[in-house]
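Chemist: Sending over a structure as structure tokens; questions will come in a sec.
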Amino acid sequence: MATAANVADYPFLKLLMKMPISRITLVYKSPPACLFTLNMLDASVRDVVNFLLTAPPIKLEEVCLPQGRLQLRKVLDLLTSLKIVYLQDGVYSVCPNFRQSVISAMTIRQRCTAKFNRMKEGKDKIKKMNVTDLFQRAIERWDTILKHLITSGGEAISLATTDMFRELKYMNVRENGTKDITSKGFQFLLLSRHAQCWHYLSAYLRHVTKEHPEHCADLIDIFCSLIMLAPTLPTTVSKSSFFTMTHEEPRYEVPYRIPTYPHDVVNNFFLHMRELGFVYIRKRKDGYFYITPMLSMLRMTGSVGVDAGMPLAKADGFLVSESNYRVYAYTNDHLQLSILNTFTEADGAFADMVMTILTRGSVRRAFDQGITAAQIIAFMRSNSHPITIEKFGPVGCVPQTIVDQIELWESERSRFSHTSGVLITNFIYPNEFKMAVDFAKGNNFLKWSNPLSKKMIIDADAHEKFKQWWTSQRGRQA
């Protein structure tokens with residue numbers, strides 16, 4: 001949960017902090033936005049908000065015990081930065097719109113706070129859809145988006161998504177139209193699915209609200225409503241090799257009527273949620289849509305600083321790692337294999353399994369793309385086969401031998417550091433060389449000097465400063 005210490009890990013809260021007061025007061029007119037924001041906050045922060053909701057404007061520090069004032073001040077600073085609480089003349093009060101939204105949400109069902117119209121449950125069971133099927137469709141759609149980062153083939157994605165990838169520097173587009181994934185894009189693929197969704201959605205929200213600030217409140221209301229109404233993740237979805245499925249009573253999701261908004265920006269935002277897999281629409285002419293369980297991952301935690309150890313936050317595990325540096329991938333998925341190939345070498349393949357091996361060269365190749373040892377290890381652990389996790393645990397599923405070796409290969413790169421410099425020669429007199437060396441030493445930009453050859457190397461950033469000094473010295477000698 002969000003506190004003053006870790007609020008930087010919460011993209012949605014960071015978005016609210018950067019909004020001007022005139023805009024965020026409109027956002028707080030939305031009960032779903034207020035509830036979603038409250039759910040992210042730590043219990044101690046929520047306690048302060050709940051107290052202020054029912055209390056008149058008050059000097060909180062006067063009613064707080066001395067030993068708790070420092071912690072209270074940190075909580076109030078967080079709430080003030082979110083514009084939930086205002087400070088005036090030493091008195092704290094809650095934003096009126098936030099107070100009204102939260103109190104109104106307490107009096108009705110959470111589902112009724114959103115502006116989506118849920119279709120009535122009648123005798124017709126055709127419109128209901130299994131939550132497990134919805135989750136599977138959402139995963140497939142999100143993987144399609146990710147595959148586009150690695151290859152230009154496959155199902156096409158919208159221009160808005162491509163532009164977003166370019167803005168985030170996950171992808172480069174050459175003059176001939178071909179697309180290349182960047183090192184930052186590879187790092188994005190190594191994140192947990194939960195973190196991927198937050199990174200992309202927070203950037204997309206930030207982009208759209210910046211381009212169209214007049215629609216900021218409507219866009220955030222839709223976003224928060226979808227998250228708050230999303231069905232919980234199914235607990236028994238697994239198609240991993242040699243993994244026995246358990247069964248539970250199937251759950252079904254009732255659809256909502258497709259809304260129509262007066263502005264194209266808001267309509268396009270809703271349809272973009274469909275493209276990403278967060279909303280499922282069979283046919284637009286049917287007039288209804290389903291909210292997929294993928295959004296419930298964002299409801300569980302708004303932080304990207306935690307690894308999504310939640311159930312099914314990633315696809316089914318498929319990796320089996322051995323202490324002899326062999327890694328077996330029980331999958332045929334192109335996306336998963338492409339990520340694996342960034343730090344392993346292929347060693348063979350069967351119908352449903354690919355054999356790879358970790359080598360110094362393959363891991364260093366990943367380091368050259370900006371991928372870290374911690375990211376490689378986290379990817380291997382989060383995608384380990386369920387049987388290995390059950391037998392060795394979520395940490396021991398990757399042998400310690402492999403973990404240590406990957407970290408050692410990374411530490412090798414820290415033995416040398418490279419910086420730019422400028423070589424200076426052509427000193428005519430010994431005293432010129434000595435003066436130049438003394439000047440460079442005095443200004444802390446001398447890298448190397450040799451009095452026999454009368455050569456020296458200085459920092460590249462200090463070259464202009466040295467030239468100005470040298471010109472002035474020559475002028476004095478003239």
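FYI, nothing fancy with the structure tokens labels: chains A, B, ... in order, residues from 1 per chain, ligands from 1 as they appear.
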Skip region 41-46 of chain A itself and residues of its chain fewer than 6 positions away, then list as a PyMOL selection string all residues within 12 Å of it, counting only C-alpha atoms.
Modeler: chain A and resi 1-7+10+12-13+34-35+52-53+68+71-80+82+84-85+102+299-303
Chemist: Tell me, as number ranges by chain, which residues lie within 12 Å of His215 (chain A), counting only C-alpha atoms; anything in the same chain fewer than 3 positions away does not count.
Modeler: A: 23-24, 26-27, 205, 208-212, 218-222, 261-269
Chemist: Mind dumping the selected residues with C-alpha atoms as a JSON list (two decimals), in the first residue's frame?
Modeler:
[["chain", "number", "residue", "atom", "x", "y", "z"],
["A", 23, "ARG", "CA", -8.15, 19.59, -13.00],
["A", 24, "ILE", "CA", -7.89, 17.23, -10.05],
["A", 26, "LEU", "CA", -12.94, 17.63, -11.39],
["A", 27, "VAL", "CA", -11.39, 14.16, -11.19],
["A", 205, "LEU", "CA", -3.21, 8.14, -19.45],
["A", 208, "VAL", "CA", -4.01, 11.51, -23.39],
["A", 209, "THR", "CA", -4.72, 13.81, -20.44],
["A", 210, "LYS", "CA", -1.86, 16.06, -21.49],
["A", 211, "GLU", "CA", -3.10, 16.26, -25.09],
["A", 212, "HIS", "CA", -6.75, 16.69, -24.08],
["A", 218, "ASP", "CA", -14.01, 11.64, -18.04],
["A", 219, "LEU", "CA", -11.01, 9.51, -19.05],
["A", 220, "ILE", "CA", -9.95, 8.79, -15.47],
["A", 221, "ASP", "CA", -13.56, 8.05, -14.50],
["A", 222, "ILE", "CA", -13.78, 5.40, -17.25],
["A", 261, "TYR", "CA", -19.72, 9.55, -25.43],
["A", 262, "PRO", "CA", -20.15, 12.97, -27.06],
["A", 263, "HIS", "CA", -16.42, 13.35, -27.72],
["A", 264, "ASP", "CA", -14.27, 11.20, -30.01],
["A", 265, "VAL", "CA", -11.34, 11.36, -27.58],
["A", 266, "VAL", "CA", -13.33, 9.58, -24.87],
["A", 267, "ASN", "CA", -14.79, 7.05, -27.33],
["A", 268, "ASN", "CA", -11.32, 6.27, -28.69],
["A", 269, "PHE", "CA", -10.02, 5.77, -25.15]]
Chemist: List as a list in words the protein and nucleic acid residues near Leu423 (chain A), meaning an atom at most 7 Å away when only C-alpha atoms are counted, but skip any in the same chain fewer than 2 places from it.
Modeler: Gly421, Thr425, Met456, Ile457 and Ile458 of chain A
Chemist: Would you mind writing down, as a PyMOL selection string, each residue of region 122-318 of chain A that DSSP on the backbone assigns to strand (DSSP E)?
Modeler: chain A and resi 129-130+171-173+179-181+252-253+256-257+279-280+288-291
Chemist: Kindly export the residues of the current selection with C-alpha atoms, as a compact mmCIF listing (two decimals), in the first residue's frame.
Modeler:
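Written output follows (part04.txt):
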# COMPACT_ATOMS: atom_id res chain seq x y z
CA MET A 129 -19.54 -15.28 -20.34
CA ASN A 130 -17.24 -17.51 -18.33
CA MET A 171 10.49 0.68 -30.40
CA ASN A 172 12.38 2.41 -33.21
CA VAL A 173 10.92 2.82 -36.70
CA LYS A 179 10.49 -1.70 -36.58
CA ASP A 180 13.22 -2.62 -34.10
CA ILE A 181 12.78 -3.21 -30.40
CA TYR A 252 -19.90 -15.92 -15.24
CA GLU A 253 -19.69 -12.23 -15.99
CA TYR A 256 -22.60 -3.92 -19.75
CA ARG A 257 -24.11 -1.76 -22.46
CA VAL A 279 -12.58 -4.88 -22.48
CA TYR A 280 -14.07 -7.62 -24.66
CA TYR A 288 -22.73 -4.80 -24.97
CA PHE A 289 -19.23 -5.48 -23.63
CA TYR A 290 -17.49 -7.48 -20.90
CA ILE A 291 -14.81 -6.29 -18.48
Chemist: Taking only C-alpha atoms into account, name the residue in A:Ala8, A:Ala346, A:Ala105, A:Ala374 that is nearest to Lys29 (chain A).
Modeler: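 Using only C-alpha atoms, the shortest distance to Lys29 (chain A) belongs to A:Ala105.
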Chemist: Which residues come within 12 Å of Leu452 (chain A), counting only C-alpha atoms, excluding same-chain residues fewer than 2 positions away, as a PyMOL selection string?
Modeler: chain A and resi 425+427+430+433-434+449-450+454-456
Chemist: Please return, as an mmCIF file with C-alpha atoms, in the first residue's frame, all residues of region 351-413 of chain A that DSSP assigns to alpha helix (DSSP H) on the basis of the backbone.
Modeler:
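Just written: out15.cif:
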data_model
loop_
_atom_site.group_PDB
_atom_site.id
_atom_site.type_symbol
_atom_site.label_atom_id
_atom_site.label_comp_id
_atom_site.auth_asym_id
_atom_site.auth_seq_id
_atom_site.Cartn_x
_atom_site.Cartn_y
_atom_site.Cartn_z
ATOM 1 C CA ARG A 360 28.727 -16.110 -20.915
ATOM 2 C CA GLY A 361 28.310 -14.758 -24.424
ATOM 3 C CA SER A 362 24.510 -14.982 -24.465
ATOM 4 C CA VAL A 363 24.140 -13.323 -21.070
ATOM 5 C CA ARG A 364 26.627 -10.569 -21.953
ATOM 6 C CA ARG A 365 24.635 -9.985 -25.145
ATOM 7 C CA ALA A 366 21.610 -9.285 -22.973
ATOM 8 C CA PHE A 367 23.680 -6.933 -20.807
ATOM 9 C CA ASP A 368 24.683 -5.020 -23.952
ATOM 10 C CA ALA A 373 21.116 -9.674 -14.042
ATOM 11 C CA ALA A 374 18.273 -8.988 -11.604
ATOM 12 C CA GLN A 375 15.791 -8.757 -14.492
ATOM 13 C CA ILE A 376 16.972 -12.041 -16.024
ATOM 14 C CA ILE A 377 16.723 -13.842 -12.683
ATOM 15 C CA ALA A 378 13.300 -12.324 -11.960
ATOM 16 C CA PHE A 379 12.043 -13.404 -15.389
ATOM 17 C CA MET A 380 13.251 -16.973 -14.884
ATOM 18 C CA ARG A 381 11.674 -17.191 -11.434
ATOM 19 C CA SER A 382 8.349 -15.638 -12.387
ATOM 20 C CA PRO A 386 4.526 -24.845 -11.485
ATOM 21 C CA ILE A 387 6.072 -28.202 -10.590
ATOM 22 C CA THR A 388 9.510 -26.665 -9.966
ATOM 23 C CA ILE A 389 7.944 -23.926 -7.838
ATOM 24 C CA GLU A 390 6.009 -26.523 -5.865
ATOM 25 C CA LYS A 391 9.147 -28.600 -5.290
ATOM 26 C CA PHE A 392 11.802 -25.915 -4.726
ATOM 27 C CA GLY A 393 9.802 -22.785 -3.889
ATOM 28 C CA PRO A 394 9.423 -19.453 -5.728
ATOM 29 C CA VAL A 395 13.121 -18.597 -5.156
ATOM 30 C CA GLY A 396 14.796 -22.006 -5.325
ATOM 31 C CA GLN A 400 21.574 -20.728 -6.844
ATOM 32 C CA THR A 401 24.462 -21.756 -9.118
ATOM 33 C CA ILE A 402 22.768 -20.018 -12.037
ATOM 34 C CA VAL A 403 21.885 -16.949 -9.970
ATOM 35 C CA ASP A 404 25.470 -16.534 -8.735
ATOM 36 C CA GLN A 405 26.975 -17.031 -12.191
ATOM 37 C CA ILE A 406 24.688 -14.489 -13.888
ATOM 38 C CA GLU A 407 25.538 -11.942 -11.193
ATOM 39 C CA LEU A 408 29.271 -12.683 -11.603
ATOM 40 C CA TRP A 409 29.036 -12.161 -15.364
ATOM 41 C CA GLU A 410 27.383 -8.821 -14.704
ATOM 42 C CA SER A 411 30.018 -7.777 -12.154
ATOM 43 C CA GLU A 412 32.735 -8.467 -14.758
#
Chemist: Go through A:Ala195, A:Ala156, A:Leu298, A:Lys128 one by one, measure the shortest atom-to-atom distance of each to Thr37 (chain A) using only C-alpha atoms, and give the residue with the smallest value.
Modeler: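 Once distances to Thr37 (chain A) are computed over only C-alpha atoms, the minimum belongs to A:Leu298.
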Chemist: Quick one: residues within 8 Å of Leu358 (chain A), only C-alpha atoms counted, chain neighbours fewer than 2 positions away excluded, as a ChimeraX atom specification?
Modeler: /A:325-327,343-345,356,360,362-363
Chemist: Would you output that residue set with C-alpha atoms, as an mmCIF file, in the first residue's frame?
Modeler:
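Output saved as again12.cif:
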data_model
loop_
_atom_site.group_PDB
_atom_site.id
_atom_site.type_symbol
_atom_site.label_atom_id
_atom_site.label_comp_id
_atom_site.auth_asym_id
_atom_site.auth_seq_id
_atom_site.Cartn_x
_atom_site.Cartn_y
_atom_site.Cartn_z
ATOM 1 C CA TYR A 325 23.027 -23.926 -17.011
ATOM 2 C CA ARG A 326 20.476 -25.689 -19.202
ATOM 3 C CA VAL A 327 17.030 -24.118 -19.418
ATOM 4 C CA PHE A 343 19.940 -14.254 -22.852
ATOM 5 C CA THR A 344 20.259 -17.946 -23.868
ATOM 6 C CA GLU A 345 21.528 -19.998 -26.817
ATOM 7 C CA THR A 356 18.515 -23.689 -24.370
ATOM 8 C CA ARG A 360 28.727 -16.110 -20.915
ATOM 9 C CA SER A 362 24.510 -14.982 -24.465
ATOM 10 C CA VAL A 363 24.140 -13.323 -21.070
#
Chemist: So that I can check the surroundings of Leu319 (chain A), please list as a ChimeraX atom specification every protein, DNA and RNA residue that reaches within 6 Å of it, counting only C-alpha atoms and ignoring chain neighbours fewer than 4 positions away.
Modeler: /A:328-329,383-385
Chemist: So, with only C-alpha atoms as the atoms that count, which of A:Arg476, A:Arg99, A:Lys465, A:Arg284 lies closest to Phe445 (chain A)?
Modeler: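 Closest to Phe445 (chain A), using only C-alpha atoms: A:Lys465.
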Chemist: Provide the CA of Pro56 (chain A) to CA of Arg109 (chain A) distance in Å, to one decimal place.
Modeler: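 Those two atoms sit 26.6 Å apart.
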Chemist: Could you tell me which of A:Leu295, A:Met355, A:Ala160, A:Cys112 comes closest to Cys197 (chain A) if we count only C-alpha atoms?
Modeler: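 Of all the options, A:Leu295 lies closest to Cys197 (chain A).
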